[in-house]
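Remarks on the structure that follows.
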Amino acid sequence: MTIESDTLRPETVRPGLLNWSSVFFAAVVAAAFSAVLIAFGAAVGLGVTSTAPTWRDASVALWILSGLYLILQACVSFGIGGYLAGLTRAAIAADSPEQAEERDGLHGLAAWAVATILGISIATLVSGASLLRSPSDAPAARTTAAEPLLSYELDKLFRMPRRPNNADLTTERAQAGRILLTSSSHAGMSTEDRAYLTQLVAATTGVAQADAERRVDTAVVNAKTAIARSRRSSIILAFSVAAALLLGAVVSWTAACTGGRHRDGERKPLWLRSRESSIRRSAVP
């Protein structure tokens, strides 16, 4: 009994689809570029959201600029990563140009996926570590439901001419914060909640009933504005992140195809040719 020889021909053996060393290398580079660019944007104030009370004074133009910067950094980071994934992938001689381009694109897409997962994992670990470092007796700004979104409104609500020694307003701030959060609901703050909040402010601060009512009215208006701005910024951030990741996938695929063509002998960009020329000149004794 003999075995058909053409069943063992090398042409029928399909090589591995992905070169994971190139994928992980490109993903790490893309994640590093993304981290640097995001840190730079945060340092210069290109943030869609912030815990500071003054962030609400930011204009819509700044929000849009921050979102565009997030998309731009994703294009740059994933473009570099995708290009390196295609450039460093081991070429397969049996592949046609169409198959080679498909493989390069898949390497770029895989590098995009790994870089995205890596970035999310790092952000999760950092946020988890910061929570572990937080002391158990954290101040009210970290324990109440409305903090830090309405921290400035709560500060103004409970201002008093003379603050008693060792006065702890954690419970009062928590109650007031939860009541103020209802101001943005469809029905708005109820009359009962408004009356209770007025009594709470008057009893805590010692101000007159009329002054307490004015404070509550002002706090309700400001809370509505703050919550609305927070929602708008969250929507802009969500759309920016989604657009950045989706566009990053397209850029990574395209850049990987470009890197693959340069790997296979197509004329490389000027900056890369200059780099290779300088390396060759330095290698000549």
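Labeling convention for the structure tokens: chains A, B, ... as they appear, residues from 1 per chain, ligands from 1 in order of appearance.
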Open item on the list: At a cut-off of 12 Å, using only C-alpha atoms, what residues contact Leu237 of chain A? Leave out same-chain residues fewer than 4 positions from it and give the result as a list of chain:residue names.
Closed with: A:Leu46, A:Gly47, A:Val48, A:Thr49, A:Ser50, A:Trp63, A:Ile64, A:Leu65, A:Ser66, A:Gly67, A:Leu68, A:Tyr69, A:Leu70, A:Ile71, A:Ser230, A:Arg231, A:Arg232, A:Ser233, A:Val241, A:Ala242, A:Ala243, A:Ala244
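In this comparison, which uses only C-alpha atoms, the residue of A:Ala61, A:Val29, A:Leu106, A:Leu87 approaching Gly119 of chain A most closely is A:Val29.
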Task: Distance in Å - atom CA of Gly82 of chain A versus atom CA of Leu62 of chain A - done: 29.7 Å
TODO: Quick one: pull the distance between atom CA of Gly45 of chain A and atom CA of Gly79 of chain A, Å, one decimal.
DONE: 24.4 Å
